[in-house]
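Colleague: After the structure tokens below, expect a handful of questions from me.
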Amino acid sequence: MNNRYIDELVDRIHNKDRRSLAKAISIVEDRLDGMEELLNKAYAYANRKTAGLIIGVTGPGGAGKSTMIDKLISEFRKEGKTVGVIAVDPNSPYTGGAVLGDRVRMGVHNIDQKVFIRSLGNRGCIGGISEGTKNILYLFKNYEFDVIIVESLGVGQDETEITNFVDVTIVVLVPGFGDSIQMAKAGIQEIGDVFVVNKSDRPDAQLFTNQLSGSFAALPIEKRPAIINAVASEGKGINELVAAIYDAAEKQIANKEVKAIRRIKSEIGSEVRQYLERIIRETVESEAIRVSDNESTPFDVAKRIISQIEFKKL
């Protein structure tokens with residue numbers, strides 16, 4: 001894939017060509033030829049522009065994140081904003097692709113040319129968003145959506161890295177869910193800018209809201225996150241949520257540079273790890289047969305691989 005093709009692809013993305021955006025996403029997600037050149041150009045362009053509002057939505061499975069996003073899309077579209085959605089779903093063990101297509105869950109928006117939804121597999125990532133998702137965010141920034149929403153795979157307290165890549169992090173919880181209680185106890189409150197108690201029409205919702213509110217009692221009032229009671233399936237609480245998002249985004253402006261440094265560190269580390277993992281994976285494939293034939297042991301192979309990796313200061 002030559003540089004001219006990549007240049008033309010990026011130019012078409014800047015001109016709001018959806019097919020080109022979809023093609024570029026596939027190049028990055030599948031790590032195809034031309035990916036590095038594409039990302040370098042996308043990164044350079046994104047850093048020259050003021051990105052739209054980037055919202056992260058996290059929480060345990062079954063909390064209603066996709067339904068919440070569906071309603072948020074509708075609200076932002078009423079304001080005339082363009083919306084891009086990146087949803088991170090579990091991988092299929094057979095195809096490696098995303099198991100749950102959010103085009104199905106948010107199907108009402110599929111015919112809206114001002115909304116673009118893409119489901120990505122988590123590729124084994126336990127931090128909620130995959131390495132590919134972090135890179136694909138730059139493609140969405142190049143398209144210059146007014147609002148970008150990143151829905152992460154809800155897996156508990158490891159769900160913290162998303163905050164480095166978004167402006168506002170929404171944590172969706174549900175009363176009566178053991179996972180929700182554990183998340184509230186496990187420090188997830190440290191990353192949330194806005195908390196949503198979804199399905200708040202349940203009998204134990206107010207008790208859960210009070211418990212959640214109590215967990216922030218030690219913080220100064222001005223630093224406590226907003227807590228919104230909602231019933232996303234009925235659209236209740238969505239207007240309040242949008243207002244809380246805008247308010248949180250305003251407050252986060254002061255932390256923008258700190259977040260940017262954390263994000264950059266994460267991006268550099270991710271690329272290094274992926275490079276090393278590819279080398280290790282290729283070596284393991286070839287050495288597994290030798291181990292199977294009792295010509296070596298897993299421990300000797302591991303030691304040999306490590307001894308061949310040489311680190312030098314830049």
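Naming works like this for the structure tokens: A, B, ... for the chains as they're shown, residue 1 at the start of each chain, ligands 1 onward in shown order.
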Set the distance at 12 Å and use only C-alpha atoms: which residues neighbour stretch 282-285 of chain A once local chain neighbours fewer than 2 positions away are removed? I'd like the list as a list in words.

Modeller: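 Once the adjacent positions are removed, what remains is Tyr275, Leu276, Glu277, Arg278, Ile279, Ile280, Glu287, Ala288, Ile289, Arg290, Val291, Ser292, Thr297, Pro298, Phe299, Asp300, Val301, Ala302, Lys303, Arg304, Ile305, Ile306 and Gln308 of chain A.
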
Colleague: Quick one: write out the picked residues with C-alpha atoms as a compact mmCIF listing (two decimals), in the first residue's frame?

Modeller:
```
# COMPACT_ATOMS: atom_id res chain seq x y z
CA TYR A 275 5.88 -5.10 18.74
CA LEU A 276 7.49 -7.37 21.33
CA GLU A 277 4.42 -9.60 21.51
CA ARG A 278 4.52 -10.18 17.73
CA ILE A 279 8.19 -11.19 17.88
CA ILE A 280 7.58 -13.45 20.88
CA GLU A 287 9.85 -23.35 19.36
CA ALA A 288 6.66 -25.14 20.45
CA ILE A 289 7.44 -28.09 18.18
CA ARG A 290 10.92 -28.48 19.69
CA VAL A 291 9.42 -28.48 23.18
CA SER A 292 6.79 -31.00 22.07
CA THR A 297 11.60 -27.00 27.78
CA PRO A 298 9.29 -23.97 27.99
CA PHE A 299 11.62 -22.49 30.60
CA ASP A 300 14.72 -22.79 28.40
CA VAL A 301 12.84 -21.29 25.45
CA ALA A 302 11.64 -18.35 27.56
CA LYS A 303 15.14 -17.70 28.85
CA ARG A 304 16.56 -17.83 25.31
CA ILE A 305 13.96 -15.36 24.00
CA ILE A 306 14.66 -12.91 26.82
CA GLN A 308 17.98 -12.19 22.64
```

Colleague: Rounded to one decimal, what separation in Å do you get between atom CA of A:Ser213 and atom CA of A:Ala230?

Modeller: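 The value is 15.2 Å.
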
Colleague: So that I can see what lies close to A:Pro225, please list as a count of residues only the residues with an atom at most 8 Å from it, counting only C-alpha atoms and leaving out residues fewer than 4 positions away in the same chain.

Modeller: 4

Colleague: Can you list, as number ranges by chain, all residues belonging to stretch 187-273 of chain A that DSSP tags as helix (DSSP H, G or I)?

Modeller: A: 188-190, 205-214, 221-223, 232-234, 238-273

Colleague: Set the distance at 7 Å and use only C-alpha atoms: which residues neighbour A:Val172 once local chain neighbours fewer than 4 positions away are removed? I'd like the list as a ChimeraX atom specification.

Modeller: /A:58-59,63,65,195-198

Colleague: Give me the residues near A:Ile73 as a PDB file with all heavy atoms, in the first residue's frame, where near means some atom within 9 Å (using only C-alpha atoms) and where sequence neighbours in that chain fewer than 4 positions away do not count.

Modeller:
```
ATOM      1  N   MET A  68     -28.044   3.417  26.897  1.00  0.00           N
ATOM      2  CA  MET A  68     -27.719   4.784  27.314  1.00  0.00           C
ATOM      3  C   MET A  68     -27.105   5.559  26.151  1.00  0.00           C
ATOM      4  O   MET A  68     -27.477   6.716  25.890  1.00  0.00           O
ATOM      5  CB  MET A  68     -26.744   4.740  28.492  1.00  0.00           C
ATOM      6  CG  MET A  68     -26.487   6.070  29.162  1.00  0.00           C
ATOM      7  SD  MET A  68     -27.844   6.554  30.234  1.00  0.00           S
ATOM      8  CE  MET A  68     -27.844   5.217  31.435  1.00  0.00           C
ATOM      9  N   ILE A  69     -26.186   4.936  25.446  1.00  0.00           N
ATOM     10  CA  ILE A  69     -25.532   5.595  24.315  1.00  0.00           C
ATOM     11  C   ILE A  69     -26.538   5.887  23.209  1.00  0.00           C
ATOM     12  O   ILE A  69     -26.514   6.948  22.581  1.00  0.00           O
ATOM     13  CB  ILE A  69     -24.367   4.731  23.791  1.00  0.00           C
ATOM     14  CG1 ILE A  69     -23.234   4.712  24.820  1.00  0.00           C
ATOM     15  CG2 ILE A  69     -23.852   5.258  22.454  1.00  0.00           C
ATOM     16  CD1 ILE A  69     -22.132   3.732  24.506  1.00  0.00           C
ATOM     17  N   ARG A  77     -27.945  14.560  18.440  1.00  0.00           N
ATOM     18  CA  ARG A  77     -28.429  14.825  17.084  1.00  0.00           C
ATOM     19  C   ARG A  77     -29.487  15.921  17.089  1.00  0.00           C
ATOM     20  O   ARG A  77     -29.568  16.717  16.143  1.00  0.00           O
ATOM     21  CB  ARG A  77     -28.993  13.536  16.460  1.00  0.00           C
ATOM     22  CG  ARG A  77     -27.950  12.520  16.102  1.00  0.00           C
ATOM     23  CD  ARG A  77     -26.997  13.031  15.014  1.00  0.00           C
ATOM     24  NE  ARG A  77     -27.703  13.241  13.757  1.00  0.00           N
ATOM     25  CZ  ARG A  77     -27.705  14.401  13.091  1.00  0.00           C
ATOM     26  NH1 ARG A  77     -27.035  15.460  13.562  1.00  0.00           N
ATOM     27  NH2 ARG A  77     -28.364  14.519  11.965  1.00  0.00           N
ATOM     28  N   LYS A  78     -30.282  15.983  18.154  1.00  0.00           N
ATOM     29  CA  LYS A  78     -31.260  17.080  18.279  1.00  0.00           C
ATOM     30  C   LYS A  78     -30.560  18.429  18.324  1.00  0.00           C
ATOM     31  O   LYS A  78     -31.114  19.447  17.914  1.00  0.00           O
ATOM     32  CB  LYS A  78     -32.095  16.896  19.544  1.00  0.00           C
ATOM     33  CG  LYS A  78     -33.111  15.764  19.477  1.00  0.00           C
ATOM     34  CD  LYS A  78     -33.837  15.619  20.806  1.00  0.00           C
ATOM     35  CE  LYS A  78     -34.773  14.419  20.797  1.00  0.00           C
ATOM     36  NZ  LYS A  78     -35.417  14.213  22.130  1.00  0.00           N
ATOM     37  N   THR A  82     -22.747  16.017  14.925  1.00  0.00           N
ATOM     38  CA  THR A  82     -22.389  14.728  14.329  1.00  0.00           C
ATOM     39  C   THR A  82     -21.803  13.850  15.427  1.00  0.00           C
ATOM     40  O   THR A  82     -21.119  14.343  16.334  1.00  0.00           O
ATOM     41  CB  THR A  82     -21.366  14.901  13.196  1.00  0.00           C
ATOM     42  OG1 THR A  82     -20.206  15.593  13.706  1.00  0.00           O
ATOM     43  CG2 THR A  82     -21.961  15.701  12.048  1.00  0.00           C
ATOM     44  N   VAL A  83     -22.069  12.553  15.327  1.00  0.00           N
ATOM     45  CA  VAL A  83     -21.677  11.632  16.406  1.00  0.00           C
ATOM     46  C   VAL A  83     -20.975  10.400  15.843  1.00  0.00           C
ATOM     47  O   VAL A  83     -21.476   9.753  14.918  1.00  0.00           O
ATOM     48  CB  VAL A  83     -22.909  11.176  17.226  1.00  0.00           C
ATOM     49  CG1 VAL A  83     -22.472  10.294  18.390  1.00  0.00           C
ATOM     50  CG2 VAL A  83     -23.708  12.376  17.736  1.00  0.00           C
ATOM     51  N   GLY A  84     -19.814  10.085  16.400  1.00  0.00           N
ATOM     52  CA  GLY A  84     -19.106   8.848  16.083  1.00  0.00           C
ATOM     53  C   GLY A  84     -19.065   7.972  17.316  1.00  0.00           C
ATOM     54  O   GLY A  84     -18.839   8.471  18.424  1.00  0.00           O
ATOM     55  N   VAL A  85     -19.322   6.682  17.137  1.00  0.00           N
ATOM     56  CA  VAL A  85     -19.349   5.752  18.267  1.00  0.00           C
ATOM     57  C   VAL A  85     -18.388   4.597  18.009  1.00  0.00           C
ATOM     58  O   VAL A  85     -18.432   3.964  16.951  1.00  0.00           O
ATOM     59  CB  VAL A  85     -20.767   5.183  18.508  1.00  0.00           C
ATOM     60  CG1 VAL A  85     -20.757   4.200  19.672  1.00  0.00           C
ATOM     61  CG2 VAL A  85     -21.766   6.308  18.764  1.00  0.00           C
ATOM     62  N   HIS A 109     -30.127   4.364  14.364  1.00  0.00           N
ATOM     63  CA  HIS A 109     -29.262   5.431  13.859  1.00  0.00           C
ATOM     64  C   HIS A 109     -28.497   5.039  12.595  1.00  0.00           C
ATOM     65  O   HIS A 109     -27.747   5.860  12.053  1.00  0.00           O
ATOM     66  CB  HIS A 109     -28.256   5.842  14.944  1.00  0.00           C
ATOM     67  CG  HIS A 109     -28.912   6.325  16.198  1.00  0.00           C
ATOM     68  ND1 HIS A 109     -29.606   7.507  16.282  1.00  0.00           N
ATOM     69  CD2 HIS A 109     -28.993   5.763  17.436  1.00  0.00           C
ATOM     70  CE1 HIS A 109     -30.082   7.666  17.505  1.00  0.00           C
ATOM     71  NE2 HIS A 109     -29.720   6.624  18.220  1.00  0.00           N
ATOM     72  N   VAL A 115     -24.281  10.017  11.790  1.00  0.00           N
ATOM     73  CA  VAL A 115     -23.890   9.110  12.880  1.00  0.00           C
ATOM     74  C   VAL A 115     -23.102   7.960  12.277  1.00  0.00           C
ATOM     75  O   VAL A 115     -23.510   7.369  11.273  1.00  0.00           O
ATOM     76  CB  VAL A 115     -25.125   8.556  13.631  1.00  0.00           C
ATOM     77  CG1 VAL A 115     -24.697   7.563  14.711  1.00  0.00           C
ATOM     78  CG2 VAL A 115     -25.934   9.686  14.251  1.00  0.00           C
ATOM     79  N   VAL A 147     -19.045  14.941  18.435  1.00  0.00           N
ATOM     80  CA  VAL A 147     -19.026  14.129  19.644  1.00  0.00           C
ATOM     81  C   VAL A 147     -18.546  12.728  19.287  1.00  0.00           C
ATOM     82  O   VAL A 147     -19.018  12.133  18.304  1.00  0.00           O
ATOM     83  CB  VAL A 147     -20.432  14.033  20.294  1.00  0.00           C
ATOM     84  CG1 VAL A 147     -20.391  13.140  21.534  1.00  0.00           C
ATOM     85  CG2 VAL A 147     -20.967  15.408  20.649  1.00  0.00           C
ATOM     86  N   ILE A 149     -18.102   8.944  21.081  1.00  0.00           N
ATOM     87  CA  ILE A 149     -18.437   8.143  22.260  1.00  0.00           C
ATOM     88  C   ILE A 149     -17.709   6.809  22.165  1.00  0.00           C
ATOM     89  O   ILE A 149     -17.785   6.123  21.146  1.00  0.00           O
ATOM     90  CB  ILE A 149     -19.951   7.898  22.367  1.00  0.00           C
ATOM     91  CG1 ILE A 149     -20.707   9.237  22.415  1.00  0.00           C
ATOM     92  CG2 ILE A 149     -20.281   7.055  23.596  1.00  0.00           C
ATOM     93  CD1 ILE A 149     -22.227   9.090  22.388  1.00  0.00           C
TER      94      ILE A 149
END
```

Colleague: For stretch 128-145 of chain A, list every protein, DNA or RNA residue within 8 Å, evaluated using only C-alpha atoms, and leave out those in the same chain fewer than 5 positions away; present the list as a PyMOL selection string.

Modeller: chain A and resi 10+13-16+21+24-25+28-29+39+42-43+45-46+51-52+58+81-84+86+88+120-123+152-155+158-162+165+267+270

Colleague: Write out as a ChimeraX atom specification the residues lying within 10 Å of A:Tyr246, counting only C-alpha atoms and excluding same-chain residues fewer than 6 positions away.

Modeller: /A:53,168,252

Colleague: Between A:Gly214, A:Gly34, A:Pro175, A:Gly61, which has the minimum distance to A:Glu151 (counting only C-alpha atoms)?

Modeller: A:Gly61

Colleague: Report, in Å with one decimal, the straight-line distance from atom CA of A:Tyr5 to atom CA of A:Glu37.

Modeller: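 Spanning atom CA of A:Tyr5 to atom CA of A:Glu37 is a straight-line distance of 10.4 Å.
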
Colleague: Hey, can you check how far atom CA of A:Glu250 sits from atom CA of A:Arg262?

Modeller: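 Here the two named atoms are 19.4 Å from each other.
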
Colleague: Considering only C-alpha atoms, can you say which of A:Val272, A:Leu219, A:Ile55, A:Leu38 comes closest to A:Ala244?

Modeller: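 Distance minimum relative to A:Ala244 lands on A:Ile55.
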